[in-house]
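Peer 1: Pasting query.txt below, which is compact mmCIF, C-alpha atoms.
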```txt
# COMPACT_ATOMS: atom_id res chain seq x y z
CA MET A 137 86.61 171.52 128.37
CA CYS A 138 86.19 173.15 124.97
CA VAL A 139 87.92 176.18 123.57
CA GLU A 140 85.70 179.23 123.49
CA ALA A 141 84.07 179.74 120.09
CA ILE A 142 85.76 183.03 119.27
CA PRO A 143 86.90 184.13 115.80
CA PRO A 144 90.46 183.20 114.75
CA PRO A 145 93.07 185.87 115.50
CA SER A 146 93.64 188.78 113.15
CA SER A 147 96.54 188.21 110.76
CA LYS A 148 97.41 191.88 110.22
CA LEU A 149 99.39 192.66 113.35
CA THR A 150 100.93 189.25 113.80
CA ARG A 151 102.16 188.93 110.22
CA ARG A 152 103.70 192.36 110.46
CA GLY A 153 105.45 191.24 113.64
CA VAL A 154 106.70 188.10 111.95
CA LEU A 155 108.12 190.10 109.06
CA ALA A 156 109.78 192.57 111.41
CA GLY A 157 111.34 189.61 113.21
CA ALA A 158 112.64 188.31 109.90
CA ALA A 159 114.22 191.66 109.19
CA ALA A 160 115.90 191.56 112.59
CA LEU A 161 117.26 188.12 111.72
CA ALA A 162 118.62 189.58 108.49
CA GLY A 163 120.29 192.28 110.57
CA THR A 164 119.11 195.32 108.61
CA MET A 165 116.76 198.13 109.58
CA ALA A 166 116.02 198.82 105.95
CA ALA A 167 114.67 195.32 105.54
CA ALA A 168 112.57 195.84 108.66
CA GLY A 169 110.91 198.86 107.13
CA GLN A 170 110.26 197.03 103.89
CA ALA A 171 108.94 194.01 105.78
CA THR A 172 106.49 196.13 107.77
CA ALA A 173 105.19 197.75 104.64
CA ALA A 174 104.94 194.38 102.92
CA GLY A 175 103.08 192.97 105.94
CA ASP A 176 100.51 195.77 105.81
CA HIS A 177 100.05 195.31 102.07
CA ARG A 178 99.61 191.55 102.37
CA ALA A 179 97.11 191.84 105.18
CA ALA A 180 95.07 194.27 103.13
CA ALA A 181 95.32 192.39 99.86
CA GLY A 182 95.20 188.87 101.31
CA ARG A 183 98.33 187.64 99.53
CA ARG A 184 102.05 187.30 100.07
CA ALA A 185 104.62 189.74 98.86
CA PRO A 186 106.72 188.59 95.89
CA ALA A 187 110.06 186.96 96.61
CA ALA A 188 113.13 189.17 96.62
CA HIS A 189 115.01 189.48 93.33
CA GLY A 190 118.03 187.21 93.11
CA GLY A 191 121.36 187.78 91.45
CA HIS A 192 122.89 187.50 87.99
CA LEU A 193 125.41 184.73 87.50
CA VAL A 194 126.87 182.44 84.85
CA ILE A 195 128.08 178.99 85.91
CA GLN A 196 130.26 177.49 83.23
CA GLY A 197 132.59 174.64 82.49
CA GLY A 198 131.22 171.90 84.74
CA THR A 199 129.22 168.71 84.18
CA LEU A 200 125.49 169.36 84.62
CA LEU A 201 123.11 166.66 85.89
CA ASP A 202 119.37 166.98 85.38
CA PRO A 203 117.75 164.74 88.03
CA ALA A 204 114.43 164.65 86.18
CA THR A 205 115.82 162.97 83.08
CA GLY A 206 119.19 161.69 84.25
CA GLU A 207 120.79 163.59 81.37
CA VAL A 208 124.42 164.58 81.85
CA THR A 209 125.81 167.60 79.95
CA GLU A 210 129.56 168.11 79.88
CA ASN A 211 131.16 171.55 79.55
CA ALA A 212 127.83 173.06 80.56
CA VAL A 213 126.69 176.65 81.01
CA VAL A 214 123.91 177.83 83.33
CA VAL A 215 122.77 181.45 82.90
CA ILE A 216 120.92 182.94 85.88
CA GLU A 217 119.20 186.33 85.72
CA HIS A 218 117.30 187.88 88.64
CA GLY A 219 117.69 184.61 90.51
CA THR A 220 116.04 182.50 87.78
CA VAL A 221 117.60 180.19 85.20
CA ARG A 222 117.34 181.81 81.75
CA ALA A 223 119.21 179.08 79.87
CA ALA A 224 121.21 175.91 80.49
CA GLY A 225 123.03 173.58 78.14
CA ARG A 226 126.29 172.76 76.46
CA ARG A 227 128.79 175.58 76.09
CA GLY A 228 128.49 177.09 72.64
CA ALA A 229 124.78 176.32 72.46
CA VAL A 230 123.91 178.90 75.14
CA THR A 231 124.30 182.65 74.74
CA VAL A 232 126.34 184.06 77.61
CA PRO A 233 125.53 187.66 78.59
CA GLN A 234 128.31 190.21 78.93
CA ASP A 235 129.42 191.86 82.16
CA VAL A 236 127.93 189.17 84.40
CA GLN A 237 129.79 187.41 87.21
CA VAL A 238 131.13 184.04 86.07
CA LEU A 239 131.55 181.07 88.39
CA ASP A 240 134.14 178.67 87.00
CA ALA A 241 132.92 175.08 87.42
CA HIS A 242 135.63 173.26 85.42
CA GLY A 243 136.31 169.90 87.01
CA ARG A 244 133.09 170.12 89.04
CA TRP A 245 129.64 168.60 88.76
CA ILE A 246 126.67 170.97 88.79
CA LEU A 247 123.40 169.93 90.45
CA PRO A 248 120.30 171.87 91.39
CA GLY A 249 120.16 172.89 95.04
CA LEU A 250 118.80 170.13 97.26
CA VAL A 251 115.52 170.13 99.18
CA ASP A 252 115.34 169.12 102.86
CA ALA A 253 111.68 168.17 103.32
CA HIS A 254 111.86 167.87 107.12
CA ILE A 255 114.05 170.25 109.11
CA HIS A 256 113.66 172.41 112.21
CA LEU A 257 115.20 175.87 111.67
CA SER A 258 114.91 178.17 114.67
CA THR A 259 117.81 180.59 114.19
CA ALA A 260 119.48 182.60 111.45
CA ALA A 261 122.69 180.63 112.03
CA GLU A 262 120.91 177.31 111.43
CA ALA A 263 119.26 178.67 108.29
CA ARG A 264 122.59 179.81 106.86
CA ASP A 265 124.24 176.52 107.77
CA ALA A 266 121.51 174.59 105.95
CA VAL A 267 122.24 176.55 102.76
CA ARG A 268 125.99 176.03 103.09
CA LYS A 269 125.39 172.28 103.39
CA GLY A 270 123.34 172.19 100.21
CA ALA A 271 119.70 172.66 101.25
CA THR A 272 118.53 175.63 99.19
CA SER A 273 114.85 174.75 99.73
CA ALA A 274 113.24 173.13 102.75
CA ARG A 275 110.06 172.33 104.63
CA SER A 276 109.87 173.01 108.34
CA GLY A 277 108.95 170.25 110.75
CA SER A 278 107.65 172.97 113.14
CA THR A 279 109.31 175.32 115.64
CA ALA A 280 108.37 176.19 119.20
CA PHE A 281 107.63 179.90 118.69
CA TYR A 282 106.99 180.47 114.97
CA GLN A 283 110.68 181.04 114.20
CA ASP A 284 110.29 179.15 110.93
CA ILE A 285 107.86 181.76 109.61
CA ALA A 286 110.47 184.44 110.28
CA VAL A 287 113.16 182.30 108.61
CA ARG A 288 110.90 182.01 105.57
CA GLU A 289 110.69 185.80 105.35
CA LEU A 290 114.43 186.11 105.89
CA ALA A 291 114.92 183.89 102.84
CA ARG A 292 112.71 186.17 100.76
CA HIS A 293 114.65 189.28 101.70
CA SER A 294 118.13 187.73 101.70
CA PRO A 295 118.08 184.44 99.74
CA ALA A 296 121.72 183.54 100.42
CA LEU A 297 121.03 183.53 104.18
CA ALA A 298 118.29 180.91 104.31
CA PRO A 299 116.64 178.17 102.29
CA ARG A 300 113.35 178.84 100.53
CA LEU A 301 111.17 177.57 103.37
CA THR A 302 107.72 176.05 103.65
CA ALA A 303 106.79 176.91 107.23
CA ALA A 304 104.75 174.72 109.59
CA GLY A 305 104.42 177.04 112.57
CA VAL A 306 103.95 175.25 115.90
CA PHE A 307 103.32 171.56 116.48
CA VAL A 308 99.71 170.38 116.83
CA THR A 309 100.30 168.02 119.75
CA PRO A 310 98.35 167.05 122.88
CA ASN A 311 100.76 168.70 125.33
CA LEU A 312 101.98 172.10 124.19
CA GLY A 313 104.31 172.90 127.08
CA ASP A 314 105.87 176.35 126.69
CA THR A 315 104.62 176.57 123.11
CA VAL A 316 101.33 177.73 124.61
CA LEU A 317 103.17 181.05 125.07
CA ALA A 318 103.96 181.32 121.34
CA ASP A 319 100.78 183.28 120.75
CA PRO A 320 98.20 184.89 123.07
CA ASP A 321 95.46 183.08 121.18
CA LEU A 322 96.92 179.74 122.25
CA THR A 323 96.86 180.49 125.96
CA PRO A 324 93.21 179.32 126.47
CA LEU A 325 94.43 175.84 125.55
CA ALA A 326 96.58 175.75 128.70
CA ARG A 327 93.53 175.18 130.89
CA LEU A 328 92.35 172.09 129.02
CA LYS A 329 92.54 169.19 131.44
CA ASP A 330 93.27 166.58 128.77
CA GLY A 331 95.38 168.80 126.53
CA VAL A 332 94.76 169.57 122.86
CA ARG A 333 92.48 166.66 122.04
CA SER A 334 88.92 167.88 121.50
CA ALA A 335 87.72 168.76 118.01
CA GLU A 336 87.44 172.41 119.04
CA ALA A 337 90.98 172.52 120.44
CA LEU A 338 92.44 170.82 117.38
CA ARG A 339 90.69 173.26 115.06
CA ARG A 340 91.89 176.15 117.18
CA MET A 341 95.51 175.04 116.84
CA VAL A 342 95.18 174.84 113.06
CA GLU A 343 93.40 178.21 112.86
CA VAL A 344 96.06 180.00 114.90
CA ASN A 345 98.86 178.47 112.85
CA LEU A 346 97.27 179.49 109.57
CA ALA A 347 96.45 182.98 110.84
CA ARG A 348 100.14 183.39 111.66
CA GLY A 349 101.05 182.48 108.08
CA ALA A 350 101.92 178.77 108.26
CA ASP A 351 102.13 177.04 104.87
CA VAL A 352 101.49 173.52 106.18
CA ILE A 353 100.35 171.92 109.44
CA LYS A 354 102.51 169.53 111.47
CA THR A 355 100.98 167.00 113.85
CA ARG A 356 101.72 163.59 115.31
CA VAL A 357 100.11 160.22 115.81
CA ASN A 358 102.83 158.68 118.02
CA GLU A 359 105.14 159.77 120.80
CA ARG A 360 108.76 160.76 120.09
CA ALA A 361 111.61 158.35 119.39
CA GLY A 362 114.27 160.83 120.49
CA LEU A 363 113.17 160.97 124.16
CA PRO A 364 114.05 157.87 126.20
CA GLU A 365 111.07 158.33 128.52
CA GLN A 366 108.59 158.17 125.63
CA ASP A 367 107.33 155.15 123.71
CA PRO A 368 107.39 155.88 119.95
CA LEU A 369 104.78 153.18 119.36
CA ALA A 370 102.26 154.74 121.77
CA GLN A 371 99.46 156.46 119.86
CA VAL A 372 98.45 159.95 120.98
CA TYR A 373 95.76 160.86 118.42
CA SER A 374 93.04 158.68 116.91
CA ARG A 375 92.12 158.57 113.24
CA GLU A 376 89.12 160.77 114.02
CA GLN A 377 91.25 163.39 115.74
CA LEU A 378 93.74 163.41 112.87
CA ALA A 379 90.84 163.78 110.44
CA GLU A 380 89.74 166.93 112.31
CA ILE A 381 93.21 168.41 111.84
CA VAL A 382 93.30 167.47 108.16
CA ALA A 383 89.83 168.89 107.53
CA ALA A 384 90.65 172.18 109.27
CA ALA A 385 93.82 172.53 107.17
CA ARG A 386 92.09 171.60 103.92
CA ARG A 387 89.47 174.28 104.41
CA ARG A 388 92.33 176.73 103.90
CA GLY A 389 93.98 174.73 101.14
CA LYS A 390 96.81 173.41 103.31
CA GLY A 391 98.29 169.94 103.76
CA VAL A 392 99.37 168.08 106.89
CA LEU A 393 102.61 166.26 107.68
CA CYS A 394 102.39 163.68 110.44
CA HIS A 395 105.06 162.35 112.83
CA SER A 396 104.49 158.58 113.05
CA TYR A 397 106.11 155.27 113.93
CA SER A 398 103.68 152.44 114.73
CA GLU A 399 101.96 150.33 112.08
CA GLN A 400 98.48 151.30 113.28
CA GLY A 401 99.44 154.91 113.78
CA CYS A 402 100.81 155.18 110.25
CA HIS A 403 97.66 153.61 108.84
CA ASP A 404 95.34 155.90 110.81
CA ALA A 405 97.30 158.96 109.70
CA VAL A 406 97.17 158.01 106.03
CA MET A 407 93.47 157.11 106.19
CA ALA A 408 92.80 160.48 107.86
CA GLY A 409 94.12 162.18 104.71
CA ILE A 410 97.57 163.50 105.61
CA ARG A 411 99.81 164.76 102.81
CA SER A 412 103.03 163.13 104.03
CA LEU A 413 104.05 160.48 106.54
CA GLU A 414 107.15 161.42 108.56
CA HIS A 415 109.55 158.80 110.01
CA GLY A 416 107.09 155.89 109.64
CA ALA A 417 109.47 153.10 110.66
CA PHE A 418 106.81 150.42 111.07
CA VAL A 419 104.54 151.39 108.19
CA GLY A 420 102.81 148.27 106.88
CA GLU A 421 102.11 146.94 103.40
CA ARG A 422 98.40 147.83 103.54
CA THR A 423 99.36 151.41 104.39
CA LEU A 424 101.95 151.63 101.62
CA SER A 425 99.33 150.43 99.15
CA GLU A 426 96.97 153.12 100.38
CA MET A 427 99.72 155.74 100.14
CA ARG A 428 100.40 154.75 96.55
CA ARG A 429 96.69 155.05 95.73
CA ARG A 430 96.32 158.43 97.43
CA GLY A 431 99.68 159.89 96.41
CA THR A 432 100.72 160.28 100.07
CA TYR A 433 104.42 161.05 100.45
CA PHE A 434 106.86 159.22 102.69
CA THR A 435 109.60 161.27 104.39
CA PRO A 436 111.53 158.65 106.39
CA THR A 437 114.21 160.90 107.95
CA LEU A 438 116.79 158.11 107.95
CA THR A 439 119.42 160.56 109.18
CA ALA A 440 117.57 161.10 112.45
CA ILE A 441 117.05 157.39 113.09
CA ALA A 442 120.67 156.59 112.24
CA GLY A 443 121.66 159.33 114.67
CA LEU A 444 119.80 157.61 117.49
CA ALA A 445 122.00 154.55 117.06
CA GLU A 446 125.01 156.72 117.92
CA SER A 447 123.43 158.19 121.07
CA SER A 448 125.21 157.98 124.41
CA ASP A 449 121.86 157.08 125.98
CA PRO A 450 121.55 153.27 125.92
CA ILE A 451 117.78 153.34 125.38
CA LEU A 452 118.05 155.66 122.40
CA ALA A 453 121.03 153.77 120.97
CA GLU A 454 119.17 150.47 121.11
CA ARG A 455 116.09 152.12 119.63
CA GLY A 456 118.11 153.47 116.73
CA ARG A 457 119.82 150.13 116.06
CA THR A 458 116.43 148.40 116.08
CA TYR A 459 114.51 150.95 114.02
CA LEU A 460 117.05 151.74 111.30
CA PRO A 461 117.00 148.40 109.43
CA VAL A 462 113.20 148.28 109.73
CA LEU A 463 112.94 151.77 108.28
CA GLN A 464 115.38 150.94 105.48
CA ARG A 465 113.20 148.00 104.46
CA ALA A 466 110.14 150.26 104.57
CA VAL A 467 111.86 152.80 102.29
CA LEU A 468 112.72 150.16 99.72
CA ALA A 469 109.22 148.66 99.89
CA ALA A 470 107.70 152.10 99.40
CA HIS A 471 109.94 152.82 96.42
CA GLU A 472 109.18 149.48 94.78
CA ARG A 473 105.44 150.11 95.17
CA GLY A 474 105.65 153.58 93.67
CA VAL A 475 105.07 155.55 96.88
CA PRO A 476 106.62 159.02 96.39
CA LEU A 477 109.64 159.60 98.64
CA ALA A 478 111.09 162.86 99.93
CA ALA A 479 114.42 163.34 101.70
CA GLY A 480 114.49 165.05 105.09
CA THR A 481 117.11 165.13 107.83
CA ASP A 482 114.91 166.12 110.82
CA SER A 483 117.81 168.33 111.92
CA SER A 484 117.09 170.27 115.12
CA GLY A 485 118.62 171.67 118.27
CA GLY A 486 121.30 173.76 116.58
CA VAL A 487 122.83 170.89 114.59
CA VAL A 488 122.18 170.90 110.83
CA ASP A 489 122.89 167.59 109.13
CA PRO A 490 123.75 167.78 105.42
CA ILE A 491 120.82 166.74 103.27
CA GLY A 492 123.34 164.89 101.11
CA GLY A 493 123.71 162.40 103.96
CA GLU A 494 120.01 161.56 103.71
CA VAL A 495 120.42 160.94 99.98
CA GLU A 496 123.31 158.58 100.77
CA LEU A 497 121.11 156.70 103.26
CA MET A 498 118.33 156.45 100.67
CA HIS A 499 120.84 154.72 98.40
CA ALA A 500 121.94 152.45 101.25
CA ALA A 501 118.28 151.44 101.66
CA GLY A 502 118.24 150.15 98.07
CA LEU A 503 117.52 153.08 95.74
CA SER A 504 119.76 153.71 92.73
CA PRO A 505 121.99 156.79 93.01
CA LEU A 506 119.77 158.74 90.58
CA ASP A 507 116.56 157.76 92.36
CA ALA A 508 118.13 158.68 95.70
CA ILE A 509 119.09 162.11 94.30
CA ARG A 510 115.52 162.57 93.08
CA THR A 511 114.21 162.24 96.66
CA ALA A 512 116.05 165.50 97.45
CA THR A 513 115.35 167.25 94.16
CA THR A 514 112.36 166.57 91.90
CA GLY A 515 110.54 164.35 94.43
CA ALA A 516 110.82 166.68 97.40
CA ALA A 517 110.10 169.70 95.18
CA ARG A 518 106.83 168.09 94.10
CA LEU A 519 105.84 167.50 97.73
CA LEU A 520 106.47 171.17 98.55
CA GLY A 521 104.57 172.40 95.50
CA LEU A 522 107.82 173.64 93.92
CA THR A 523 107.82 171.52 90.77
CA ARG A 524 108.39 174.55 88.54
CA THR A 525 110.71 176.26 91.01
CA ALA A 526 113.17 173.82 92.59
CA GLY A 527 114.77 170.47 91.81
CA ARG A 528 116.13 171.23 88.32
CA LEU A 529 118.37 173.74 86.55
CA THR A 530 116.30 174.39 83.44
CA ARG A 531 114.74 177.57 82.07
CA GLY A 532 112.28 179.10 84.53
CA HIS A 533 113.53 177.22 87.59
CA THR A 534 115.21 179.05 90.42
CA GLY A 535 118.94 179.67 90.20
CA ASP A 536 119.88 177.38 93.09
CA ALA A 537 122.88 175.16 92.36
CA LEU A 538 125.53 172.99 93.98
CA LEU A 539 129.08 172.53 92.76
CA LEU A 540 130.44 169.12 93.67
CA SER A 541 133.98 167.74 93.68
CA GLY A 542 133.02 164.55 91.83
CA ASP A 543 130.35 162.51 90.10
CA PRO A 544 127.44 161.93 92.52
CA LEU A 545 126.15 159.06 90.38
CA SER A 546 129.26 157.07 91.29
CA ASP A 547 129.95 158.58 94.73
CA LEU A 548 127.04 160.10 96.63
CA THR A 549 129.27 161.18 99.50
CA VAL A 550 130.24 164.28 97.50
CA LEU A 551 126.73 165.64 98.16
CA LYS A 552 127.56 166.05 101.84
CA ARG A 553 130.42 168.45 101.11
CA PRO A 554 129.50 170.83 98.28
CA VAL A 555 132.47 172.93 97.18
CA GLY A 556 130.10 175.74 96.18
CA VAL A 557 126.48 176.71 96.74
CA VAL A 558 124.46 179.18 94.69
CA ARG A 559 121.18 180.47 96.09
CA ALA A 560 118.95 182.44 93.70
CA GLY A 561 121.94 183.45 91.60
CA VAL A 562 124.04 184.52 94.57
CA VAL A 563 127.12 182.56 95.68
CA ALA A 564 126.55 181.64 99.34
CA ALA A 565 129.51 182.53 101.53
```
Please rewrite the model in this file as structure tokens.
Peer 2:
Amino acid sequence: MCVEAIPPPSSKLTRRGVLAGAAALAGTMAAAGQATAAGDHRAAAGRRAPAAHGGHLVIQGGTLLDPATGEVTENAVVVIEHGTVRAAGRRGAVTVPQDVQVLDAHGRWILPGLVDAHIHLSTAAEARDAVRKGATSARSGSTAFYQDIAVRELARHSPALAPRLTAAGVFVTPNLGDTVLADPDLTPLARLKDGVRSAEALRRMVEVNLARGADVIKTRVNERAGLPEQDPLAQVYSREQLAEIVAAARRRGKGVLCHSYSEQGCHDAVMAGIRSLEHGAFVGERTLSEMRRRGTYFTPTLTAIAGLAESSDPILAERGRTYLPVLQRAVLAAHERGVPLAAGTDSSGGVVDPIGGEVELMHAAGLSPLDAIRTATTGAARLLGLTRTAGRLTRGHTGDALLLSGDPLSDLTVLKRPVGVVRAGVVAA
């Protein structure tokens, strides 16, 4: 059965509802009023509202690391105005404005805020926890009821409460379950005998997601590794079906991230034109070569696979122990071939893993400390289209910073426990 050929849903009402929901998450009626007005304006003008202004702050006295160059600056000063870095460099070479809050970083290392390129944020508490643990920017791996779009708006109104978020909306998957109730325009899909598999149904899922304001599209080629009753090597979408999803997203200028495990599934996903391969434990050499040629990113989510090995479920524990070394070898092979890597924890279900732990696992897979840090800074920022926004603390970049207790180039574990987090020039509490 095909989905009825009706126009995609109107974005005006639903985007206003999303923004109002974000204001509720922020806990302020004033923000709700502003969000509603902003939603009306965006629907009429066909563009997003500008991000909220950040704070004014001077960070001084610490050791600054620039992940892009590897340059280390001692006794550094970072000047942030309206949430954006105005200047950064050695103390004495940077003019420090008067009457601005100063954050003393003596004895600390200063890094740009980290990027979690695969995380599931469904609540305001999870969003705030992600910031506290060092993820000042992130990309959603989907949510069940468009919560990530509201979290994105929360971050724009109150930057210290949530990471700057690239939202994926709901999962494009054969069996939607209760997600079919996420939007009235998805309910016709519930009557499809074979689930969301036809070209029309796949396009409909993409259209609804984009009409609701999704920034990227999330789909899958294999079943889940985290459910003992599923086989992660079983393929659920063909290359042709994935190509339909990619084409529908590209028509609106959006990319696709794809959950994957099997060698054939990974290859089909990459050949279909996805932007990034997620998990990808059994990705093969031919696929890595194709990823290098196409510039396809690899987000291995080592944290999630390592977590399986610690599961109380014997099937999941054995799966994690088997998959982790395979995935580590794949990460190193990808890095050696020049495949771009991005760090992502795949945190979900109310538990937010520190993105610093993923960086540590990247290093354990064979990357140098600096290259591992780049997967959660400059590399992940490039994947998210934030090259001039996140990943560095230089003029024009956002004022997101971490204060660390020691040198991450000699001890990456300090990334898991930042002693201070700055989000858009505001110290996160």
Peer 1: Counting all atoms listed in the file, which of A:Gln283, A:Gln234, A:Asn345, A:Thr523 gets nearest to A:Asp321?
Peer 2: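 For A:Asp321, the nearest of the candidates is A:Asn345.
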Peer 1: Residues within 9 Å of A:Ala478, please, as an mmCIF file with C-alpha atoms, in the frame of the given file. Count only C-alpha atoms; anything in the same chain fewer than 2 positions from it doesn't count.
Peer 2:
```cif
data_model
loop_
_atom_site.group_PDB
_atom_site.id
_atom_site.type_symbol
_atom_site.label_atom_id
_atom_site.label_comp_id
_atom_site.auth_asym_id
_atom_site.auth_seq_id
_atom_site.Cartn_x
_atom_site.Cartn_y
_atom_site.Cartn_z
ATOM 1 C CA VAL A 251 115.520 170.130 99.180
ATOM 2 C CA ASP A 252 115.340 169.120 102.860
ATOM 3 C CA ALA A 253 111.680 168.170 103.320
ATOM 4 C CA HIS A 254 111.860 167.870 107.120
ATOM 5 C CA TYR A 433 104.420 161.050 100.450
ATOM 6 C CA PHE A 434 106.860 159.220 102.690
ATOM 7 C CA THR A 435 109.600 161.270 104.390
ATOM 8 C CA PRO A 436 111.530 158.650 106.390
ATOM 9 C CA THR A 437 114.210 160.900 107.950
ATOM 10 C CA PRO A 476 106.620 159.020 96.390
ATOM 11 C CA GLY A 480 114.490 165.050 105.090
ATOM 12 C CA ARG A 510 115.520 162.570 93.080
ATOM 13 C CA THR A 511 114.210 162.240 96.660
ATOM 14 C CA ALA A 512 116.050 165.500 97.450
ATOM 15 C CA THR A 513 115.350 167.250 94.160
ATOM 16 C CA THR A 514 112.360 166.570 91.900
ATOM 17 C CA GLY A 515 110.540 164.350 94.430
ATOM 18 C CA ALA A 516 110.820 166.680 97.400
ATOM 19 C CA ALA A 517 110.100 169.700 95.180
ATOM 20 C CA ARG A 518 106.830 168.090 94.100
ATOM 21 C CA LEU A 519 105.840 167.500 97.730
#
```
Peer 1: Hey, which of A:Ala204, A:Ala565, A:Ala508, A:Ala280 ends up closest to A:Asp547? Count all atoms listed in the file.
Peer 2: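 Residue with the minimum atom-to-atom distance to A:Asp547: A:Ala508.
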Peer 1: Do a neighbour search on A:Ile451 at 10 Å with only C-alpha atoms, toss out local chain neighbours closer than 2 positions, and write the hits as JSON, numbers by chain.
Peer 2: {"A": [361, 362, 363, 364, 365, 444, 445, 447, 448, 449, 453, 454, 455, 456]}
Peer 1: List as JSON, numbers by chain the protein and nucleic acid residues near A:Val488, meaning an atom at most 7 Å away when all atoms listed in the file are counted, but skip any in the same chain fewer than 5 places from it.
Peer 2: {"A": [262, 265, 266, 483]}
Peer 1: Could the residues in this selection be written to a file with C-alpha atoms, as a PDB file, in the frame of the given file?
Peer 2:
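Written out: again_26.pdb:
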```pdb
ATOM      1  CA  GLU A 262     120.910 177.310 111.430  1.00  0.00           C
ATOM      2  CA  ASP A 265     124.240 176.520 107.770  1.00  0.00           C
ATOM      3  CA  ALA A 266     121.510 174.590 105.950  1.00  0.00           C
ATOM      4  CA  SER A 483     117.810 168.330 111.920  1.00  0.00           C
TER       5      SER A 483
END
```
Peer 1: Find the residues around A:Tyr282 up to 8 Å (only C-alpha atoms counted), leave out those fewer than 5 positions away in its own chain, and share them as an MDAnalysis selection string.
Peer 2: chainID A and resid 305:306 318
Peer 1: Quick one: residues within 7 Å of stretch 391-405 of chain A, only C-alpha atoms counted, chain neighbours fewer than 6 positions away excluded, as a list in words?
Peer 2: Val352, Ile353, Lys354, Thr355, Arg356, Val357, Asn358, Pro368, Leu369, Gln371, Arg375, Leu378, Val382, Ala385, Arg411, Ser412, Leu413, Glu414, His415, Gly416, Ala417, Phe418, Val419, Gly420 and Thr423 of chain A
Peer 1: Report the distance between atom CA of A:Val213 and atom CA of A:Lys552 in Å, rounded to one decimal place.
Peer 2: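 Those two atoms sit 23.4 Å apart.
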Peer 1: Out of A:Gly228, A:Gln237, A:Arg264, A:Ala442, which residue has the shortest atom-to-atom distance to A:Arg457 when counting all atoms listed in the file?
Peer 2: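 Smallest distance to A:Arg457 is found for A:Ala442.
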Peer 1: Between A:Val558, A:Leu200, A:Ala350, A:Leu317, single out the one closest to A:Thr302, counting all atoms listed in the file.
Peer 2: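 Result for the nearest residue to A:Thr302: A:Ala350.
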Peer 1: Please indicate the distance in Å from atom CA of A:Ala337 to atom CA of A:Ala370, rounded to one decimal place.
Peer 2: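 Those two atoms sit 21.1 Å apart.
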Peer 1: Quick one: distance from atom CA of A:Val557 to atom CA of A:Gly270 in Å, one decimal?
Peer 2: 6.5 Å
Peer 1: Hey, which of A:Thr205, A:Ser425, A:Thr323, A:Thr549 ends up closest to A:Ala500? Count only C-alpha atoms.
Peer 2: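 Under the stated criterion, the closest residue is A:Thr549.
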Peer 1: Enclose all atoms of stretch 463-466 of chain A listed in the file in an axis-aligned box, grow every side by 5 Å, and hand back centre and edge lengths in Å to one decimal, as lines of an AutoDock Vina configuration file.
Peer 2:
```
center_x = 112.8
center_y = 149.9
center_z = 106.4
size_x = 15.2
size_y = 13.8
size_z = 13.8
```
Peer 1: Between A:Ser546, A:Ser484, A:Ser541, A:Gln464, which residue has the minimum interatomic distance to A:Pro505, considering all atoms listed in the file?
Peer 2: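 Looking only at the distances to A:Pro505, the closest residue turns out to be A:Ser546.
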Peer 1: Could you pull stretch 297-304 of chain A out of the structure I just pasted and write it to a file containing N, CA, C and O atoms, as a CSV table (one decimal), in the first residue's frame?
Peer 2:
```csv
chain,number,residue,atom,x,y,z
A,297,LEU,N,21.9,26.0,28.8
A,297,LEU,CA,21.1,24.8,29.2
A,297,LEU,C,21.1,23.7,28.2
A,297,LEU,O,20.6,22.6,28.5
A,298,ALA,N,21.7,23.9,27.1
A,298,ALA,CA,21.7,22.8,26.1
A,298,ALA,C,22.8,23.0,25.1
A,298,ALA,O,23.2,24.1,24.8
A,299,PRO,N,23.3,21.9,24.5
A,299,PRO,CA,24.3,22.1,23.4
A,299,PRO,C,23.7,22.7,22.2
A,299,PRO,O,22.5,22.5,21.9
A,300,ARG,N,24.5,23.4,21.4
A,300,ARG,CA,24.0,23.8,20.0
A,300,ARG,C,23.8,22.5,19.3
A,300,ARG,O,24.6,21.6,19.1
A,301,LEU,N,22.5,22.3,18.8
A,301,LEU,CA,22.1,20.9,18.4
A,301,LEU,C,21.7,20.9,16.9
A,301,LEU,O,20.9,21.8,16.5
A,302,THR,N,22.2,20.0,16.2
A,302,THR,CA,21.7,19.6,14.9
A,302,THR,C,20.7,18.5,15.0
A,302,THR,O,21.0,17.4,15.5
A,303,ALA,N,19.4,18.8,14.7
A,303,ALA,CA,18.3,17.9,15.1
A,303,ALA,C,18.0,17.0,13.9
A,303,ALA,O,18.0,17.4,12.7
A,304,ALA,N,17.7,15.7,14.2
A,304,ALA,CA,17.3,14.7,13.2
A,304,ALA,C,15.9,14.4,13.2
A,304,ALA,O,15.4,13.6,12.3
```
